[in-house]
file input19.txt (compact mmCIF, C-alpha atoms)
# COMPACT_ATOMS: atom_id res chain seq x y z
CA MET H 1 26.39 -16.52 8.24
CA SER H 2 24.43 -18.11 5.41
CA ALA H 3 21.07 -16.78 4.27
CA THR H 4 17.98 -18.90 4.89
CA ALA H 5 14.68 -19.07 3.06
CA ARG H 6 13.15 -17.05 5.93
CA ASP H 7 15.69 -14.27 5.36
CA TYR H 8 14.73 -14.00 1.70
CA TRP H 9 11.06 -14.13 2.66
CA ASP H 10 11.60 -11.21 5.06
CA LEU H 11 13.20 -9.21 2.23
CA THR H 12 9.81 -9.19 0.48
CA LYS H 13 7.97 -7.44 3.37
CA PRO H 14 5.30 -10.17 3.32
CA LYS H 15 2.68 -8.34 5.40
CA VAL H 16 2.84 -5.24 3.21
CA VAL H 17 2.83 -7.30 0.02
CA ALA H 18 -0.15 -9.32 1.27
CA LEU H 19 -2.21 -6.14 1.53
CA ILE H 20 -1.05 -5.05 -1.92
CA VAL H 21 -1.97 -8.29 -3.66
CA PHE H 22 -5.30 -8.48 -1.83
CA THR H 23 -6.35 -5.11 -3.25
CA SER H 24 -5.17 -6.21 -6.70
CA LEU H 25 -7.28 -9.36 -6.35
CA VAL H 26 -10.34 -7.25 -5.53
CA GLY H 27 -9.60 -5.14 -8.61
CA MET H 28 -9.60 -8.31 -10.70
CA CYS H 29 -12.92 -9.50 -9.30
CA LEU H 30 -14.62 -6.13 -9.72
CA ALA H 31 -13.55 -6.04 -13.37
CA ILE H 32 -15.73 -9.09 -14.09
CA PRO H 33 -19.52 -8.50 -14.29
CA GLY H 34 -20.37 -11.94 -12.90
CA LEU H 35 -18.49 -15.14 -12.22
CA PRO H 36 -15.24 -15.50 -14.16
CA ASP H 37 -14.92 -17.85 -17.11
CA ALA H 38 -11.96 -20.17 -17.63
CA GLU H 39 -9.90 -17.58 -19.53
CA GLN H 40 -10.49 -14.93 -16.88
CA VAL H 41 -9.50 -17.35 -14.12
CA ARG H 42 -6.28 -18.13 -15.99
CA ALA H 43 -5.50 -14.43 -16.52
CA GLY H 44 -6.38 -13.66 -12.91
CA LEU H 45 -4.14 -16.36 -11.44
CA LEU H 46 -1.18 -15.44 -13.64
CA GLY H 47 -1.79 -11.73 -13.05
CA PHE H 48 -1.92 -12.33 -9.30
CA VAL H 49 1.43 -14.17 -9.37
CA GLY H 50 3.02 -11.53 -11.60
CA ILE H 51 1.87 -8.64 -9.42
CA TRP H 52 2.96 -10.46 -6.25
CA LEU H 53 6.44 -11.13 -7.66
CA SER H 54 6.80 -7.48 -8.70
CA ALA H 55 5.69 -6.20 -5.29
CA ALA H 56 8.10 -8.59 -3.57
CA GLY H 57 10.93 -7.50 -5.85
CA ALA H 58 10.19 -3.83 -5.18
CA ALA H 59 10.25 -4.50 -1.43
CA ALA H 60 13.66 -6.15 -1.72
CA ILE H 61 15.02 -3.25 -3.79
CA ASN H 62 13.66 -0.84 -1.19
CA GLN H 63 15.56 -2.67 1.57
CA LEU H 64 18.73 -2.67 -0.50
CA LEU H 65 18.58 1.08 -1.13
CA ASP H 66 17.46 1.90 2.43
CA ALA H 67 19.91 -0.33 4.31
CA LYS H 68 21.77 2.57 5.97
CA ILE H 69 18.52 4.22 7.05
CA ASP H 70 17.08 0.92 8.27
CA ALA H 71 20.12 0.39 10.48
CA GLN H 72 19.37 3.63 12.36
CA MET H 73 15.70 2.89 13.05
CA ALA H 74 14.39 0.56 15.73
CA ARG H 75 11.48 -0.52 13.52
CA THR H 76 13.76 -1.82 10.75
CA SER H 77 17.09 -2.58 12.48
CA TRP H 78 16.30 -6.32 12.48
CA ARG H 79 16.01 -6.67 8.69
CA PRO H 80 18.20 -9.41 7.14
CA LEU H 81 20.42 -7.08 5.14
CA VAL H 82 20.99 -4.77 8.12
CA VAL H 83 22.10 -7.56 10.47
CA GLY H 84 24.25 -9.23 7.82
CA LYS H 85 22.19 -12.36 7.16
CA VAL H 86 22.22 -11.55 3.44
CA ARG H 87 24.69 -9.54 1.41
CA PRO H 88 23.83 -6.65 -0.92
CA TRP H 89 24.68 -8.63 -4.05
CA GLN H 90 22.36 -11.42 -2.93
CA VAL H 91 19.51 -8.96 -2.44
CA LEU H 92 20.18 -7.46 -5.87
CA VAL H 93 20.15 -10.88 -7.57
CA PHE H 94 17.03 -11.92 -5.65
CA ALA H 95 15.14 -8.73 -6.54
CA SER H 96 16.25 -8.96 -10.18
CA VAL H 97 15.04 -12.56 -10.50
CA LEU H 98 11.66 -11.71 -8.96
CA THR H 99 11.22 -8.71 -11.24
CA ALA H 100 12.28 -10.61 -14.37
CA LEU H 101 9.88 -13.45 -13.58
CA SER H 102 7.10 -10.97 -12.94
CA MET H 103 7.58 -9.18 -16.25
CA ALA H 104 7.89 -12.45 -18.18
CA ILE H 105 4.62 -13.78 -16.75
CA LEU H 106 2.73 -10.54 -17.33
CA VAL H 107 4.02 -9.92 -20.86
CA LEU H 108 3.78 -13.50 -22.14
CA TRP H 109 0.61 -14.76 -20.44
CA VAL H 110 -1.41 -11.77 -19.23
CA ASN H 111 -1.12 -8.57 -21.31
CA VAL H 112 1.40 -5.85 -22.03
CA ILE H 113 -0.59 -3.02 -20.42
CA THR H 114 -0.52 -4.83 -17.07
CA ALA H 115 3.22 -5.40 -17.40
CA VAL H 116 3.85 -1.73 -18.22
CA LEU H 117 1.68 -0.47 -15.34
CA THR H 118 3.24 -2.95 -12.91
CA PHE H 119 6.79 -2.03 -13.90
CA GLY H 120 5.92 1.65 -13.62
CA SER H 121 4.62 1.07 -10.08
CA LEU H 122 7.82 -0.78 -9.18
CA ILE H 123 9.97 2.09 -10.42
CA GLY H 124 7.74 4.63 -8.67
CA TYR H 125 8.10 2.93 -5.30
CA ALA H 126 11.52 1.28 -5.36
CA VAL H 127 13.36 4.10 -7.13
CA ILE H 128 11.50 7.43 -7.27
CA TYR H 129 10.06 7.25 -3.76
CA THR H 130 12.93 5.40 -2.04
CA VAL H 131 15.83 7.22 -3.67
CA TYR H 132 14.43 10.73 -4.13
CA LEU H 133 11.08 11.60 -2.57
CA LYS H 134 11.68 9.95 0.81
CA ARG H 135 14.75 12.10 1.37
CA ALA H 136 13.62 15.26 -0.42
CA THR H 137 10.24 16.41 0.88
CA PRO H 138 7.86 15.97 3.84
CA GLN H 139 5.18 15.28 1.22
CA ASN H 140 7.09 12.12 0.28
CA ILE H 141 4.35 9.75 1.39
CA VAL H 142 1.65 11.77 -0.39
CA ILE H 143 3.40 11.92 -3.76
CA GLY H 144 5.01 8.50 -3.51
CA GLY H 145 1.74 7.00 -2.32
CA LEU H 146 0.50 6.91 -5.90
CA ALA H 147 2.83 3.99 -6.69
CA GLY H 148 1.50 2.05 -3.71
CA ALA H 149 -2.10 2.81 -4.67
CA THR H 150 -2.01 1.18 -8.11
CA PRO H 151 -2.55 -2.55 -7.31
CA PRO H 152 -6.35 -2.49 -7.93
CA LEU H 153 -5.65 -0.90 -11.31
CA LEU H 154 -3.08 -3.60 -12.07
CA GLY H 155 -5.55 -6.33 -11.14
CA TRP H 156 -8.28 -4.74 -13.24
CA ALA H 157 -5.93 -4.44 -16.20
CA ALA H 158 -4.92 -8.09 -15.89
CA ILE H 159 -8.53 -9.12 -16.51
CA THR H 160 -9.75 -6.54 -19.00
CA GLY H 161 -6.65 -5.16 -20.68
CA MET H 162 -8.22 -1.74 -19.91
CA ARG H 163 -10.21 -1.81 -23.13
CA GLY H 164 -13.02 0.55 -22.18
CA GLU H 165 -13.30 4.02 -20.68
CA TRP H 166 -15.28 2.70 -17.71
CA ASP H 167 -12.43 0.32 -16.93
CA TRP H 168 -10.15 3.28 -16.31
CA ALA H 169 -12.81 5.27 -14.43
CA TYR H 170 -13.87 2.52 -12.05
CA ALA H 171 -10.34 1.21 -11.46
CA SER H 172 -9.13 4.75 -10.80
CA LEU H 173 -11.69 5.12 -8.00
CA LEU H 174 -10.09 2.16 -6.24
CA VAL H 175 -6.66 3.74 -6.71
CA LEU H 176 -7.97 7.03 -5.32
CA ILE H 177 -9.20 5.34 -2.15
CA ILE H 178 -5.77 3.87 -1.38
CA PHE H 179 -4.02 7.11 -2.40
CA VAL H 180 -6.03 9.18 0.10
CA TRP H 181 -5.81 6.44 2.75
CA THR H 182 -1.99 6.34 2.67
CA PRO H 183 -1.16 9.67 4.42
CA PRO H 184 -3.25 9.17 7.59
CA HIS H 185 -2.15 5.54 7.68
CA PHE H 186 1.56 6.30 7.48
CA TRP H 187 1.65 9.60 9.36
CA ALA H 188 0.22 7.86 12.43
CA LEU H 189 3.25 5.56 12.35
CA ALA H 190 5.56 8.49 11.61
CA ILE H 191 4.36 10.34 14.71
CA PHE H 192 5.19 7.37 16.92
CA ARG H 193 8.55 6.81 15.19
CA ARG H 194 9.45 10.48 14.67
CA ALA H 195 12.66 10.20 16.72
CA ASP H 196 13.90 7.42 14.43
CA TYR H 197 13.12 9.45 11.31
CA ALA H 198 14.87 12.50 12.78
CA LYS H 199 17.92 10.38 13.62
CA ALA H 200 18.02 9.05 10.06
CA SER H 201 17.52 12.58 8.62
CA ILE H 202 14.31 11.58 6.83
CA PRO H 203 12.02 14.63 6.46
CA MET H 204 8.77 13.00 7.54
CA LEU H 205 6.00 15.47 8.30
CA PRO H 206 6.16 15.14 12.13
CA VAL H 207 9.90 15.88 11.96
CA THR H 208 9.70 18.92 9.68
CA HIS H 209 6.36 20.45 10.70
CA GLY H 210 5.78 19.07 14.17
CA VAL H 211 3.35 16.62 15.69
CA GLU H 212 0.43 19.03 16.10
CA TYR H 213 0.46 19.98 12.43
CA THR H 214 0.68 16.32 11.41
CA ARG H 215 -2.30 15.44 13.59
CA ARG H 216 -4.39 18.10 11.83
CA GLN H 217 -3.29 16.76 8.45
CA ILE H 218 -4.29 13.25 9.50
CA LEU H 219 -7.78 14.52 10.35
CA LEU H 220 -8.03 16.42 7.05
CA TYR H 221 -7.03 13.40 4.96
CA THR H 222 -9.33 11.11 6.94
CA VAL H 223 -12.28 13.40 6.19
CA MET H 224 -11.27 13.35 2.52
CA LEU H 225 -11.03 9.56 2.67
CA ALA H 226 -14.55 9.26 4.10
CA VAL H 227 -15.85 11.28 1.15
CA VAL H 228 -13.83 9.37 -1.44
CA THR H 229 -15.04 5.99 -0.17
CA LEU H 230 -18.61 7.02 -1.02
CA LEU H 231 -17.79 7.70 -4.68
CA PRO H 232 -18.18 4.04 -5.80
CA VAL H 233 -21.78 4.23 -4.58
CA ALA H 234 -22.35 7.62 -6.21
CA VAL H 235 -21.35 6.32 -9.65
CA GLY H 236 -23.32 3.09 -9.34
CA MET H 237 -20.29 0.85 -8.97
CA CYS H 238 -21.42 -0.50 -5.57
CA GLY H 239 -24.64 -0.90 -3.63
CA MET H 240 -26.08 -0.62 -0.15
CA PHE H 241 -24.06 -3.44 1.41
CA TYR H 242 -20.80 -1.66 0.63
CA LEU H 243 -22.28 1.68 1.68
CA GLY H 244 -23.26 0.37 5.10
CA GLY H 245 -19.86 -1.18 5.69
CA ALA H 246 -17.99 1.90 4.47
CA LEU H 247 -19.99 4.22 6.74
CA VAL H 248 -19.16 2.16 9.81
CA LEU H 249 -15.48 1.85 8.91
CA ASP H 250 -15.26 5.58 8.13
CA ALA H 251 -16.95 6.52 11.41
CA VAL H 252 -14.36 4.57 13.41
CA PHE H 253 -11.48 5.98 11.35
CA LEU H 254 -12.79 9.52 11.86
CA TRP H 255 -13.01 8.87 15.59
CA TYR H 256 -9.37 7.79 15.62
CA ALA H 257 -8.34 10.86 13.62
CA TRP H 258 -10.31 13.19 15.92
CA ARG H 259 -8.89 11.51 19.03
CA MET H 260 -5.39 11.91 17.56
CA LEU H 261 -5.71 15.66 18.13
CA ASP H 262 -5.48 14.93 21.87
CA PRO H 263 -4.41 11.29 22.21
CA PRO H 264 -4.83 9.50 25.55
CA ASP H 265 -1.28 8.11 25.51
CA GLU H 266 1.85 7.92 23.38
CA PHE H 267 0.87 4.55 21.90
CA PHE H 268 -2.43 5.77 20.47
CA PRO H 269 -0.87 6.57 17.04
CA MET H 270 0.12 2.90 16.71
CA ARG H 271 -3.43 1.83 17.52
CA MET H 272 -4.67 4.11 14.76
CA PHE H 273 -1.99 2.71 12.45
CA GLY H 274 -3.15 -0.82 13.22
CA TYR H 275 -6.79 0.08 12.63
CA SER H 276 -5.96 1.71 9.31
CA ILE H 277 -4.68 -1.63 8.00
CA VAL H 278 -7.82 -3.45 9.16
CA TYR H 279 -9.87 -0.61 7.66
CA LEU H 280 -8.44 -0.98 4.17
CA MET H 281 -8.72 -4.76 4.14
CA ALA H 282 -12.31 -4.62 5.39
CA LEU H 283 -13.28 -1.86 2.96
CA PHE H 284 -12.04 -3.85 -0.04
CA ALA H 285 -13.67 -6.97 1.35
CA PHE H 286 -16.98 -5.06 1.44
CA LEU H 287 -16.39 -4.02 -2.18
CA LEU H 288 -15.90 -7.66 -3.13
CA VAL H 289 -18.91 -9.05 -1.27
CA ASP H 290 -21.16 -6.24 -2.55
CA HIS H 291 -20.06 -6.99 -6.11
CA TRP H 292 -21.16 -10.63 -5.82
CA LEU H 293 -24.44 -10.03 -4.04
CA PRO H 294 -27.54 -10.61 -6.23
call {"tool": "encode", "arguments": {"input": "input19.txt", "output": "structure tokens"}}
result
Amino acid sequence: MSATARDYWDLTKPKVVALIVFTSLVGMCLAIPGLPDAEQVRAGLLGFVGIWLSAAGAAAINQLLDAKIDAQMARTSWRPLVVGKVRPWQVLVFASVLTALSMAILVLWVNVITAVLTFGSLIGYAVIYTVYLKRATPQNIVIGGLAGATPPLLGWAAITGMRGEWDWAYASLLVLIIFVWTPPHFWALAIFRRADYAKASIPMLPVTHGVEYTRRQILLYTVMLAVVTLLPVAVGMCGMFYLGGALVLDAVFLWYAWRMLDPPDEFFPMRMFGYSIVYLMALFAFLLVDHWLP
């Protein structure tokens, strides 16, 4: 069975990577006070491509290292490597080429700090989280979530080179939002798929501490998220348009988290999981629109 372009595309987890690069794009735009000049557009486009290639390479490495686990889980049993459409050496070569291209673009045509931060994120997700944290602790998604939260920082760095203290402060707020968003987002999925994780011996929180405890943790992190999303307004980074949008999005997310304590049916966690994706995309879209309003 020969690999097709679609098989290689599926190795990159395109839906996940799309969310990652969108948040990095917002980070780029927020780093610019007004409309970008020609040099900023060039850096932004090249930075976008470099970050996308790195994220795609990390996704492929993750599938290579998690192939045995993926084969035991209904959610991932269809992946190209699991069903034999691609071979491990092909995945390794593919991921290596993507990563090498990413680093070359970022080092040669963007800036070194973006390359270093991007490579660090790749190692954090594809190696530290996948190889160690995922199998070692029920707090895997909390600790490992830092690597997945960095794209806005990477986008910001691509434009500014992180030259000023406010660059780090403002970009870090965007990272904090995704970092706190990750546990309630992923634990909702983990509750629904807890039997798969138990079968694969992955110590996700619903497996090790039970569903009731995980539901309470989801509510706790969602409350924290609602507070964190107001920080950009508190420091003057955003205005009333973002505030209004964030309050509505947070109210719905809090309703989901509260309802999770006594869900109406077994599929409710997946509805919360789906909303959490829409929530993050909409929240960053509000950040972007607010930034460009007069």
call {"tool": "residues_near_point", "arguments": {"input": "input19.txt", "point": "(-12.5, 11.6, 12.1)", "cutoff": "9 Å", "atoms": "all atoms listed in the file", "output": "PyMOL selection string"}}
result
chain H and resi 218-220+222-223+226+250-260
call {"tool": "residues_around", "arguments": {"input": "input19.txt", "residues": "Ala157 of chain H", "least_positions_apart": "4", "cutoff": "6 Å", "atoms": "all atoms listed in the file", "output": "PyMOL selection string"}}
result
chain H and resi 114+161-162
call {"tool": "closest_residue", "arguments": {"input": "input19.txt", "among": "H:Leu101, H:Trp109, H:Ala234, H:Gly120", "to": "Gln40 of chain H", "atoms": "only C-alpha atoms"}}
result
H:Trp109
call {"tool": "residues_around", "arguments": {"input": "input19.txt", "residues": "Gln90 of chain H", "least_positions_apart": "2", "cutoff": "12 Å", "atoms": "only C-alpha atoms", "output": "list in words"}}
result
Ser2, Ala3, Thr4, Asp7, Tyr8, Leu11, Ala60, Ile61, Gln63, Leu64, Pro80, Leu81, Gly84, Lys85, Val86, Arg87, Pro88, Leu92, Val93, Phe94, Ala95, Ser96 and Val97 of chain H
call {"tool": "residues_around", "arguments": {"input": "input19.txt", "residues": "segment 174-177 of chain H", "least_positions_apart": "2", "cutoff": "6 Å", "atoms": "all atoms listed in the file", "output": "number ranges by chain"}}
result
H: 149-150, 171-172, 179-180
call {"tool": "closest_residue", "arguments": {"input": "input19.txt", "among": "H:Ser102, H:Gln139, H:Ser54, H:Gln72", "to": "Phe186 of chain H", "atoms": "all atoms listed in the file"}}
result
H:Gln139
call {"tool": "atom_distance", "arguments": {"input": "input19.txt", "atom1": "atom CA of Ala115 of chain H", "atom2": "atom CA of Met103 of chain H"}}
result
5.9 Å
call {"tool": "axis_aligned_box", "arguments": {"input": "input19.txt", "around": "segment 108-117 of chain H", "padding_each_side": "4 Å", "output": "lines of an AutoDock Vina configuration file"}}
result
center_x = 1.2
center_y = -7.6
center_z = -18.7
size_x = 13.3
size_y = 22.3
size_z = 14.8
call {"tool": "closest_residue", "arguments": {"input": "input19.txt", "among": "H:Val127, H:Ala71, H:Val91, H:Ala200", "to": "Trp9 of chain H", "atoms": "all atoms listed in the file"}}
result
H:Val91
call {"tool": "atom_distance", "arguments": {"input": "input19.txt", "atom1": "atom CA of Ala126 of chain H", "atom2": "atom CA of Tyr197 of chain H"}}
result
18.6 Å
call {"tool": "residues_around", "arguments": {"input": "input19.txt", "residues": "Arg75 of chain H", "least_positions_apart": "3", "cutoff": "12 Å", "atoms": "only C-alpha atoms", "output": "number ranges by chain"}}
result
H: 69-72, 78-79, 82, 189-190, 192-197
call {"tool": "build_atoms", "arguments": {"input": "input19.txt", "residues": "segment 256-274 of chain H", "atoms": "N, CA, C and O atoms", "output": "mmCIF file, in the frame of the given file"}}
result
data_model
loop_
_atom_site.group_PDB
_atom_site.id
_atom_site.type_symbol
_atom_site.label_atom_id
_atom_site.label_comp_id
_atom_site.auth_asym_id
_atom_site.auth_seq_id
_atom_site.Cartn_x
_atom_site.Cartn_y
_atom_site.Cartn_z
ATOM 1 N N TYR H 256 -10.807 7.881 15.363
ATOM 2 C CA TYR H 256 -9.370 7.790 15.620
ATOM 3 C C TYR H 256 -8.666 9.095 15.255
ATOM 4 O O TYR H 256 -7.821 9.606 16.006
ATOM 5 N N ALA H 257 -8.992 9.632 14.076
ATOM 6 C CA ALA H 257 -8.340 10.860 13.620
ATOM 7 C C ALA H 257 -8.658 12.044 14.544
ATOM 8 O O ALA H 257 -7.794 12.871 14.834
ATOM 9 N N TRP H 258 -9.915 12.118 14.992
ATOM 10 C CA TRP H 258 -10.310 13.190 15.920
ATOM 11 C C TRP H 258 -9.604 13.019 17.265
ATOM 12 O O TRP H 258 -9.106 13.976 17.855
ATOM 13 N N ARG H 259 -9.543 11.783 17.744
ATOM 14 C CA ARG H 259 -8.890 11.510 19.030
ATOM 15 C C ARG H 259 -7.392 11.760 18.945
ATOM 16 O O ARG H 259 -6.752 12.073 19.971
ATOM 17 N N MET H 260 -6.823 11.650 17.749
ATOM 18 C CA MET H 260 -5.390 11.910 17.560
ATOM 19 C C MET H 260 -5.026 13.356 17.881
ATOM 20 O O MET H 260 -3.869 13.648 18.182
ATOM 21 N N LEU H 261 -5.996 14.260 17.803
ATOM 22 C CA LEU H 261 -5.710 15.660 18.130
ATOM 23 C C LEU H 261 -5.313 15.813 19.591
ATOM 24 O O LEU H 261 -4.572 16.739 19.952
ATOM 25 N N ASP H 262 -5.829 14.932 20.445
ATOM 26 C CA ASP H 262 -5.480 14.930 21.870
ATOM 27 C C ASP H 262 -5.447 13.484 22.342
ATOM 28 O O ASP H 262 -6.343 13.034 23.073
ATOM 29 N N PRO H 263 -4.431 12.734 21.949
ATOM 30 C CA PRO H 263 -4.410 11.290 22.210
ATOM 31 C C PRO H 263 -4.282 10.978 23.699
ATOM 32 O O PRO H 263 -3.661 11.732 24.456
ATOM 33 N N PRO H 264 -4.874 9.854 24.129
ATOM 34 C CA PRO H 264 -4.830 9.500 25.550
ATOM 35 C C PRO H 264 -3.460 9.060 26.035
ATOM 36 O O PRO H 264 -3.157 9.156 27.226
ATOM 37 N N ASP H 265 -2.631 8.547 25.129
ATOM 38 C CA ASP H 265 -1.280 8.110 25.510
ATOM 39 C C ASP H 265 -0.398 8.096 24.272
ATOM 40 O O ASP H 265 -0.864 8.285 23.149
ATOM 41 N N GLU H 266 0.888 7.851 24.482
ATOM 42 C CA GLU H 266 1.850 7.920 23.380
ATOM 43 C C GLU H 266 1.714 6.768 22.402
ATOM 44 O O GLU H 266 2.235 6.836 21.279
ATOM 45 N N PHE H 267 1.027 5.703 22.789
ATOM 46 C CA PHE H 267 0.870 4.550 21.900
ATOM 47 C C PHE H 267 -0.385 4.629 21.039
ATOM 48 O O PHE H 267 -0.610 3.766 20.200
ATOM 49 N N PHE H 268 -1.196 5.651 21.238
ATOM 50 C CA PHE H 268 -2.430 5.770 20.470
ATOM 51 C C PHE H 268 -2.177 5.842 18.960
ATOM 52 O O PHE H 268 -2.942 5.251 18.186
ATOM 53 N N PRO H 269 -1.133 6.561 18.488
ATOM 54 C CA PRO H 269 -0.870 6.570 17.040
ATOM 55 C C PRO H 269 -0.676 5.167 16.459
ATOM 56 O O PRO H 269 -1.098 4.903 15.330
ATOM 57 N N MET H 270 -0.071 4.257 17.222
ATOM 58 C CA MET H 270 0.120 2.900 16.710
ATOM 59 C C MET H 270 -1.201 2.142 16.668
ATOM 60 O O MET H 270 -1.395 1.276 15.807
ATOM 61 N N ARG H 271 -2.120 2.459 17.584
ATOM 62 C CA ARG H 271 -3.430 1.830 17.520
ATOM 63 C C ARG H 271 -4.190 2.320 16.296
ATOM 64 O O ARG H 271 -4.906 1.543 15.646
ATOM 65 N N MET H 272 -4.043 3.601 15.978
ATOM 66 C CA MET H 272 -4.670 4.110 14.760
ATOM 67 C C MET H 272 -4.015 3.493 13.520
ATOM 68 O O MET H 272 -4.704 3.131 12.561
ATOM 69 N N PHE H 273 -2.707 3.344 13.548
ATOM 70 C CA PHE H 273 -1.990 2.710 12.450
ATOM 71 C C PHE H 273 -2.489 1.283 12.228
ATOM 72 O O PHE H 273 -2.753 0.856 11.096
ATOM 73 N N GLY H 274 -2.649 0.543 13.326
ATOM 74 C CA GLY H 274 -3.150 -0.820 13.220
ATOM 75 C C GLY H 274 -4.564 -0.864 12.671
ATOM 76 O O GLY H 274 -4.885 -1.706 11.827
#
